[in-house]
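Visitor: Please see the structure below; I have some questions.
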Amino acid sequence: MILAHLDVVPAPPEGWDVPPFSGEERDGYIYGRGTLDDKSCVIGVLQALELMLKRGYKPKRSFYIGLGHDEEVSGHNGAMKIVERLQSRGVKLLFVLDEGLAVLDGVIQGVKRPVALIGTTEKGSITLNLTVNQPPGHSSMPPEETSIGILSAAVSRLERNPLPNMFGVGPEASMFEQLAGEFAFPLNVMMANLWLFSPIISRVLERTPSSNAIVRTTTAITIFNAGVKSNVIPRMARATVNFRIHPGQTVTEVLDIVRNTISDERVEISVLNSFDPLPISPFDESNFGYQTLQRTIHSVFSAAPVAPGVCIGNTDSRHFVNLTDSIYRFSPFKMKSEDLSR
Ligand SMILES: CCCCCCCC/C=C\CCCCCCCC(=O)N[C@@H](CCC(N)=O)C(=O)O
């Protein structure tokens, strides 16, 4: 089954190099809301299908194409309904291919050639609301601590105390082992001997946001709300924090660590949504899905070595775990490090 999604995230007018609805082509890139996530995959799948139909292609087996319309808000009415329908028909899938990792060009420090990473697992996620309620008042006679001050301190503690570096505990180590030959000396020796060098490598990886995201559960403060007027001390302050959970940890473990880090009973913690990291899909030589994908990548991106990786973002494919044990996340385009923020 091949998945992609039609919905996009909001496009506020500021922060764009070109208007978000222009679809303008500039310097080899098409600019527009959702071009990367995930219209390119939708169009790629539909164009391939059209071409194959025109050429009279007869597939050897049945396959499904699933285009969700609400991936960015968890896929409840898109991907989950598709899964329900397939389950009601008793369908089991050989493998699922969804958006995810890509051909990374210069993104992994020390690797010169572009490498194709197939996401064989996906990080978990937990989103929390942190709320502080304190007596409101007039700014002319402030108390020692306010709801905003207490909440800011809690949020700052979370940022200053990241969750532990888990490198070596999770599947990201397989990625570096498989890519060892792509690094120059002495990194190639270090990557091939992680049992000895993982303490050093893990420290290097945590220095950059994209590689830090694969070695630990990350903490991102995404929404902060309090106050309506400059001379009124508000009763309530609220922040939303999103953690992406490393495959070596669970929702429960992360929640325990967060409670200990905040360690202030005035900060009420409520869970908005959560799920554990996804199971690791097989990537051995006998796995049909992984090998098919690897062959196809080789045929399109000639020399790119292929390795399994951890998808740091979440995808609709996570809803398919009861239909197959083989879920792969790969978007067929090249990404350079400057593209990661696009
Ligand atoms: C050693 C360095 C390795 C660095 C690897 C970084 C490579 C980054 C390449 C691609 C990024 C992955 C993006 C995956 C697709 C994410 C789609 C998405 O945004 N999904 C939403 C879903 C939200 C939801 N409610 O389910 C999300 O994750 O927020």
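Please note that chains go A, B, ... in the order of the structure tokens, that every chain numbers its residues from 1, and that ligands are numbered from 1 in the order shown.
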Please identify every polymer residue within 8 Å of ligand 1, using only C-alpha atoms and all ligand atoms, and present the set as a ChimeraX atom specification.

Guide: /A:37-38,71-75,99-102,104,107-109,205,210-214,309-316,329,335,340

Visitor: Would you mind exporting the chosen residues as a short mmCIF file (atom, residue, chain, number, x, y, z; two decimals), in the first residue's frame, restricted to N, CA, C and O atoms?

Guide:
data_model
loop_
_atom_site.label_atom_id
_atom_site.label_comp_id
_atom_site.auth_asym_id
_atom_site.auth_seq_id
_atom_site.Cartn_x
_atom_site.Cartn_y
_atom_site.Cartn_z
N ASP A 37 5.55 18.74 1.91
CA ASP A 37 4.79 17.91 2.86
C ASP A 37 3.29 18.12 2.60
O ASP A 37 2.68 18.96 3.19
N ASP A 38 2.65 17.38 1.68
CA ASP A 38 3.15 16.16 1.11
C ASP A 38 2.65 16.07 -0.34
O ASP A 38 2.46 15.01 -0.88
N GLU A 71 -3.73 14.21 7.85
CA GLU A 71 -2.51 13.70 8.48
C GLU A 71 -1.96 14.67 9.49
O GLU A 71 -1.47 14.29 10.55
N GLU A 72 -2.02 15.97 9.16
CA GLU A 72 -1.40 16.97 10.04
C GLU A 72 -2.14 17.11 11.38
O GLU A 72 -1.63 17.74 12.30
N VAL A 73 -3.35 16.56 11.45
CA VAL A 73 -4.06 16.58 12.73
C VAL A 73 -4.39 15.15 13.16
O VAL A 73 -5.47 14.86 13.66
N SER A 74 -3.44 14.25 12.91
CA SER A 74 -3.44 12.88 13.44
C SER A 74 -4.14 11.82 12.59
O SER A 74 -4.14 10.65 12.96
N GLY A 75 -4.77 12.17 11.50
CA GLY A 75 -5.32 11.15 10.59
C GLY A 75 -6.54 10.40 11.09
O GLY A 75 -6.82 9.30 10.63
N GLU A 99 5.31 8.78 3.29
CA GLU A 99 6.31 9.85 3.35
C GLU A 99 7.26 9.60 4.52
O GLU A 99 6.98 8.77 5.39
N GLY A 100 8.34 10.36 4.59
CA GLY A 100 9.23 10.20 5.74
C GLY A 100 10.62 10.70 5.46
O GLY A 100 10.80 11.86 5.12
N LEU A 101 11.60 9.80 5.57
CA LEU A 101 12.99 10.20 5.33
C LEU A 101 13.20 10.37 3.83
O LEU A 101 12.26 10.26 3.05
N ALA A 102 14.43 10.63 3.42
CA ALA A 102 14.67 11.00 2.02
C ALA A 102 16.11 10.67 1.65
O ALA A 102 16.81 10.02 2.42
N LEU A 104 19.48 12.04 1.68
CA LEU A 104 20.10 13.16 2.39
C LEU A 104 21.47 13.46 1.78
O LEU A 104 22.32 12.58 1.68
N VAL A 107 23.69 16.10 4.77
CA VAL A 107 22.98 16.31 6.04
C VAL A 107 23.71 15.58 7.18
O VAL A 107 23.84 16.10 8.29
N ILE A 108 24.21 14.38 6.89
CA ILE A 108 24.93 13.63 7.93
C ILE A 108 26.40 14.06 7.86
O ILE A 108 27.09 13.81 6.87
N GLN A 109 26.85 14.73 8.93
CA GLN A 109 28.22 15.25 8.93
C GLN A 109 29.23 14.12 8.73
O GLN A 109 29.14 13.09 9.39
N LEU A 205 26.72 14.07 17.95
CA LEU A 205 25.41 14.11 17.30
C LEU A 205 24.45 15.09 17.98
O LEU A 205 23.62 15.70 17.33
N SER A 210 19.09 18.42 13.88
CA SER A 210 18.57 17.25 13.14
C SER A 210 19.15 15.94 13.67
O SER A 210 18.44 14.93 13.74
N SER A 211 20.43 15.94 14.08
CA SER A 211 20.97 14.68 14.61
C SER A 211 20.66 14.53 16.10
O SER A 211 20.50 13.41 16.60
N ASN A 212 20.51 15.66 16.81
CA ASN A 212 20.05 15.58 18.20
C ASN A 212 18.70 14.88 18.26
O ASN A 212 18.42 14.09 19.16
N ALA A 213 17.86 15.15 17.23
CA ALA A 213 16.50 14.57 17.21
C ALA A 213 16.53 13.05 17.08
O ALA A 213 15.56 12.40 17.44
N ILE A 214 17.63 12.50 16.59
CA ILE A 214 17.63 11.03 16.49
C ILE A 214 18.27 10.36 17.70
O ILE A 214 18.16 9.16 17.86
N GLY A 309 16.56 4.04 8.91
CA GLY A 309 16.69 5.21 9.79
C GLY A 309 15.45 5.39 10.65
O GLY A 309 14.44 4.69 10.47
N VAL A 310 15.55 6.34 11.58
CA VAL A 310 14.41 6.65 12.47
C VAL A 310 13.73 7.89 11.93
O VAL A 310 14.37 8.93 11.78
N CYS A 311 12.44 7.80 11.63
CA CYS A 311 11.70 8.97 11.14
C CYS A 311 11.39 9.87 12.34
O CYS A 311 10.72 9.42 13.29
N ILE A 312 11.87 11.09 12.29
CA ILE A 312 11.73 11.96 13.47
C ILE A 312 10.37 12.66 13.50
O ILE A 312 9.94 13.14 14.54
N GLY A 313 9.71 12.72 12.33
CA GLY A 313 8.35 13.27 12.29
C GLY A 313 7.35 12.13 12.29
O GLY A 313 7.73 10.96 12.13
N ASN A 314 6.07 12.44 12.45
CA ASN A 314 5.06 11.38 12.47
C ASN A 314 4.28 11.35 11.17
O ASN A 314 4.13 12.37 10.50
N THR A 315 3.81 10.17 10.83
CA THR A 315 3.12 9.99 9.55
C THR A 315 1.83 9.18 9.75
O THR A 315 1.66 8.53 10.78
N ASP A 316 0.99 9.21 8.71
CA ASP A 316 -0.25 8.42 8.74
C ASP A 316 0.03 6.93 8.86
O ASP A 316 -0.83 6.17 9.30
N ARG A 329 9.06 4.51 5.60
CA ARG A 329 8.77 5.94 5.42
C ARG A 329 9.89 6.56 4.59
O ARG A 329 11.02 6.74 5.08
N MET A 335 17.41 15.86 -0.15
CA MET A 335 17.34 16.98 0.78
C MET A 335 18.74 17.38 1.22
O MET A 335 19.53 16.53 1.62
N LEU A 340 16.25 21.44 5.30
CA LEU A 340 15.54 20.89 6.47
C LEU A 340 14.60 21.91 7.10
O LEU A 340 13.59 21.55 7.70
#

Visitor: When you look at Arg160 of chain A with a cut-off of 12 Å (counting only C-alpha atoms), what residues show up, excluding the ones that are within fewer than 4 positions of it in the same chain? I need them as a ChimeraX atom specification.

Guide: /A:153-156,164,218-220,261-262

Visitor: Restricted to all heavy atoms, what would the selected residues look like written as a CSV table (one decimal), in the first residue's frame?

Guide:
chain,number,residue,atom,x,y,z
A,153,ALA,N,9.4,29.7,34.5
A,153,ALA,CA,10.5,28.9,35.2
A,153,ALA,C,10.4,27.4,34.9
A,153,ALA,O,11.4,26.8,34.6
A,153,ALA,CB,10.4,29.2,36.7
A,154,ALA,N,9.1,26.9,34.9
A,154,ALA,CA,8.9,25.5,34.6
A,154,ALA,C,9.4,25.2,33.2
A,154,ALA,O,10.1,24.2,32.9
A,154,ALA,CB,7.5,25.1,34.8
A,155,VAL,N,9.0,26.0,32.2
A,155,VAL,CA,9.3,25.8,30.8
A,155,VAL,C,10.8,25.9,30.6
A,155,VAL,O,11.5,25.1,29.9
A,155,VAL,CB,8.6,26.8,29.9
A,155,VAL,CG1,9.2,27.0,28.6
A,155,VAL,CG2,7.1,26.4,29.8
A,156,SER,N,11.4,26.8,31.3
A,156,SER,CA,12.9,27.0,31.2
A,156,SER,C,13.6,25.8,31.8
A,156,SER,O,14.6,25.3,31.2
A,156,SER,CB,13.3,28.3,31.9
A,156,SER,OG,14.6,28.4,32.0
A,164,PRO,N,17.5,12.3,28.4
A,164,PRO,CA,18.9,11.8,28.2
A,164,PRO,C,19.2,11.4,26.8
A,164,PRO,O,18.3,11.1,26.0
A,164,PRO,CB,18.9,10.5,29.1
A,164,PRO,CG,17.5,10.2,29.4
A,164,PRO,CD,16.7,11.5,29.3
A,218,THR,N,13.0,14.7,22.2
A,218,THR,CA,13.2,16.1,22.1
A,218,THR,C,12.1,16.9,22.8
A,218,THR,O,10.9,16.3,23.0
A,218,THR,CB,13.2,16.6,20.7
A,218,THR,OG1,12.1,16.0,20.0
A,218,THR,CG2,14.5,16.2,20.0
A,219,THR,N,12.3,18.1,23.2
A,219,THR,CA,11.4,18.9,24.0
A,219,THR,C,11.2,20.2,23.1
A,219,THR,O,12.1,20.9,22.8
A,219,THR,CB,12.0,19.4,25.3
A,219,THR,OG1,12.4,18.2,26.0
A,219,THR,CG2,11.0,20.2,26.1
A,220,ALA,N,9.9,20.5,22.7
A,220,ALA,CA,9.7,21.7,22.0
A,220,ALA,C,8.5,22.5,22.6
A,220,ALA,O,7.4,21.9,22.7
A,220,ALA,CB,9.4,21.4,20.5
A,261,THR,N,11.3,16.9,36.5
A,261,THR,CA,12.1,18.1,36.0
A,261,THR,C,11.3,19.4,36.5
A,261,THR,O,11.9,20.3,37.0
A,261,THR,CB,12.3,18.1,34.5
A,261,THR,OG1,12.9,16.9,34.2
A,261,THR,CG2,13.1,19.3,34.1
A,262,ILE,N,10.0,19.4,36.2
A,262,ILE,CA,9.2,20.6,36.6
A,262,ILE,C,9.2,20.7,38.1
A,262,ILE,O,9.4,21.8,38.7
A,262,ILE,CB,7.8,20.5,36.0
A,262,ILE,CG1,7.9,20.6,34.5
A,262,ILE,CG2,6.9,21.6,36.5
A,262,ILE,CD1,6.6,20.5,33.7

Visitor: Residues of segment 131-179 of chain A that have any atom at most 6 Å from an atom of segment 235-244 of chain A: could you tabulate them with the shortest-distance atom pair and the distance in Å to one decimal, using only C-alpha atoms, ordered by chain and increasing number, as a tab-separated table?

Guide:
residue	atom	partner	partner_atom	distance
A:Thr131	CA	A:Arg238	CA	4.5
A:Val132	CA	A:Ala237	CA	5.4
A:Asn133	CA	A:Met236	CA	4.6
A:Gln134	CA	A:Arg235	CA	5.1
A:Pro135	CA	A:Arg235	CA	5.4
A:Pro136	CA	A:Arg235	CA	4.4
A:Ser147	CA	A:Ala237	CA	5.6
A:Ile148	CA	A:Ala237	CA	5.5

Visitor: In segment 61-102 of chain A, what's strand (DSSP E or B) per DSSP? Answer as an MDAnalysis selection string?

Guide: chainID A and resid 65:68 96:102

Visitor: If we count only C-alpha atoms, what is near segment 267-284 of chain A at a cut-off of 6 Å, once residues fewer than 3 positions away on the same chain are taken out, given as a list in words?

Guide: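 Everything that qualifies: Thr120, Thr121, Glu122, Lys123, Gly124, Ser125, Ile126, Thr127, Leu128, Asn129, Leu130, Thr131, Val132, Pro247, Thr250, Val251, Asp264, Asn287, Tyr290, Asp325, Ser326 and Ile327 of chain A.
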
Visitor: Would you please work out which residue, of A:Ser230, A:Gly248, A:Ile30, A:Val321, is nearest to Ser139 of chain A when using only C-alpha atoms?

Guide: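 Among A:Ser230, A:Gly248, A:Ile30, A:Val321, it is A:Ser230 that comes nearest to Ser139 of chain A.
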
Visitor: Contacts of Trp195 of chain A at 12 Å or less, counting only C-alpha atoms, minus same-chain residues fewer than 5 places along, as a PyMOL selection string?

Guide: chain A and resi 167-169+173-174+177+189-190+200-202

Visitor: Take the residues from that selection and put them in a file with C-alpha atoms, as an mmCIF file, in the first residue's frame.

Guide:
data_model
loop_
_atom_site.group_PDB
_atom_site.id
_atom_site.type_symbol
_atom_site.label_atom_id
_atom_site.label_comp_id
_atom_site.auth_asym_id
_atom_site.auth_seq_id
_atom_site.Cartn_x
_atom_site.Cartn_y
_atom_site.Cartn_z
ATOM 1 C CA PHE A 167 22.326 6.834 21.353
ATOM 2 C CA GLY A 168 23.112 3.126 21.108
ATOM 3 C CA VAL A 169 19.882 2.058 22.814
ATOM 4 C CA ALA A 173 22.887 2.792 15.768
ATOM 5 C CA SER A 174 22.080 0.345 12.882
ATOM 6 C CA GLU A 177 26.834 0.852 11.355
ATOM 7 C CA VAL A 189 36.479 2.921 12.153
ATOM 8 C CA MET A 190 34.526 4.629 14.920
ATOM 9 C CA ILE A 200 32.000 10.207 21.797
ATOM 10 C CA ILE A 201 29.728 9.937 18.749
ATOM 11 C CA SER A 202 26.614 10.565 20.814
#

Visitor: Work out how far apart atom CA of Gly44 of chain A and atom CA of Thr296 of chain A are and give it in Å to one decimal.

Guide: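 Atom CA of Thr296 of chain A lies 14.1 Å from atom CA of Gly44 of chain A.
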
Visitor: For Asn188 of chain A, which residue out of A:Val111, A:Leu49, A:Val9, A:Ile65 is the nearest one, using only C-alpha atoms?

Guide: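 Comparing A:Val111, A:Leu49, A:Val9, A:Ile65 against Asn188 of chain A, the winner is A:Val111.
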
Visitor: Using only C-alpha atoms, which residues sit within 9 Å of segment 84-89 of chain A once same-chain residues fewer than 4 positions away are excluded, as a PDB file with C-alpha atoms, in the first residue's frame?

Guide:
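Okay, this is what ended up in result31.pdb:
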ATOM      1  CA  ALA A  79      -5.893   7.142   7.474  1.00  0.00           C
ATOM      2  CA  MET A  80      -7.788   5.623  10.414  1.00  0.00           C
ATOM      3  CA  ASN A 322      -2.285  -4.027  12.691  1.00  0.00           C
ATOM      4  CA  LEU A 323      -2.290  -4.581   8.929  1.00  0.00           C
TER       5      LEU A 323
END

Visitor: Between A:Arg207, A:Lys229, A:Phe176, A:Met191, which is the closest to His138 of chain A once you count only C-alpha atoms?

Guide: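 Closest residue, counting only C-alpha atoms: A:Lys229.
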
Visitor: Determine the nearest neighbour of Pro186 of chain A from the options A:Gly110, A:Leu158, A:Pro308, A:Ile82, counting only C-alpha atoms.

Guide: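 Nearest candidate to Pro186 of chain A out of A:Gly110, A:Leu158, A:Pro308, A:Ile82: A:Gly110.
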
Visitor: Write out as a PDB file with N, CA and C atoms, in the first residue's frame each polymer residue whose atoms come within 10 Å of Lys112 of chain A, counting only C-alpha atoms; drop sequence neighbours fewer than 6 positions from it.

Guide:
ATOM      1  N   ASP A 105      21.636  14.720   1.389  1.00  0.00           N
ATOM      2  CA  ASP A 105      22.849  15.129   0.696  1.00  0.00           C
ATOM      3  C   ASP A 105      23.575  16.164   1.566  1.00  0.00           C
ATOM      4  N   GLY A 106      24.623  15.715   2.234  1.00  0.00           N
ATOM      5  CA  GLY A 106      25.373  16.631   3.100  1.00  0.00           C
ATOM      6  C   GLY A 106      24.703  16.874   4.437  1.00  0.00           C
ATOM      7  N   GLU A 182      30.873   4.850   4.474  1.00  0.00           N
ATOM      8  CA  GLU A 182      30.708   6.139   3.786  1.00  0.00           C
ATOM      9  C   GLU A 182      31.504   7.255   4.460  1.00  0.00           C
ATOM     10  N   PHE A 183      31.953   7.000   5.692  1.00  0.00           N
ATOM     11  CA  PHE A 183      32.721   8.030   6.412  1.00  0.00           C
ATOM     12  C   PHE A 183      34.209   7.882   6.100  1.00  0.00           C
ATOM     13  N   ALA A 184      34.939   8.994   6.156  1.00  0.00           N
ATOM     14  CA  ALA A 184      36.398   8.934   5.952  1.00  0.00           C
ATOM     15  C   ALA A 184      37.056   8.491   7.266  1.00  0.00           C
TER      16      ALA A 184
END

Visitor: Could you tell me how far atom CA of Ser198 of chain A sits from atom CA of His246 of chain A, in Å to one decimal place?

Guide: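 Computing it gives 16.4 Å between the two atoms.
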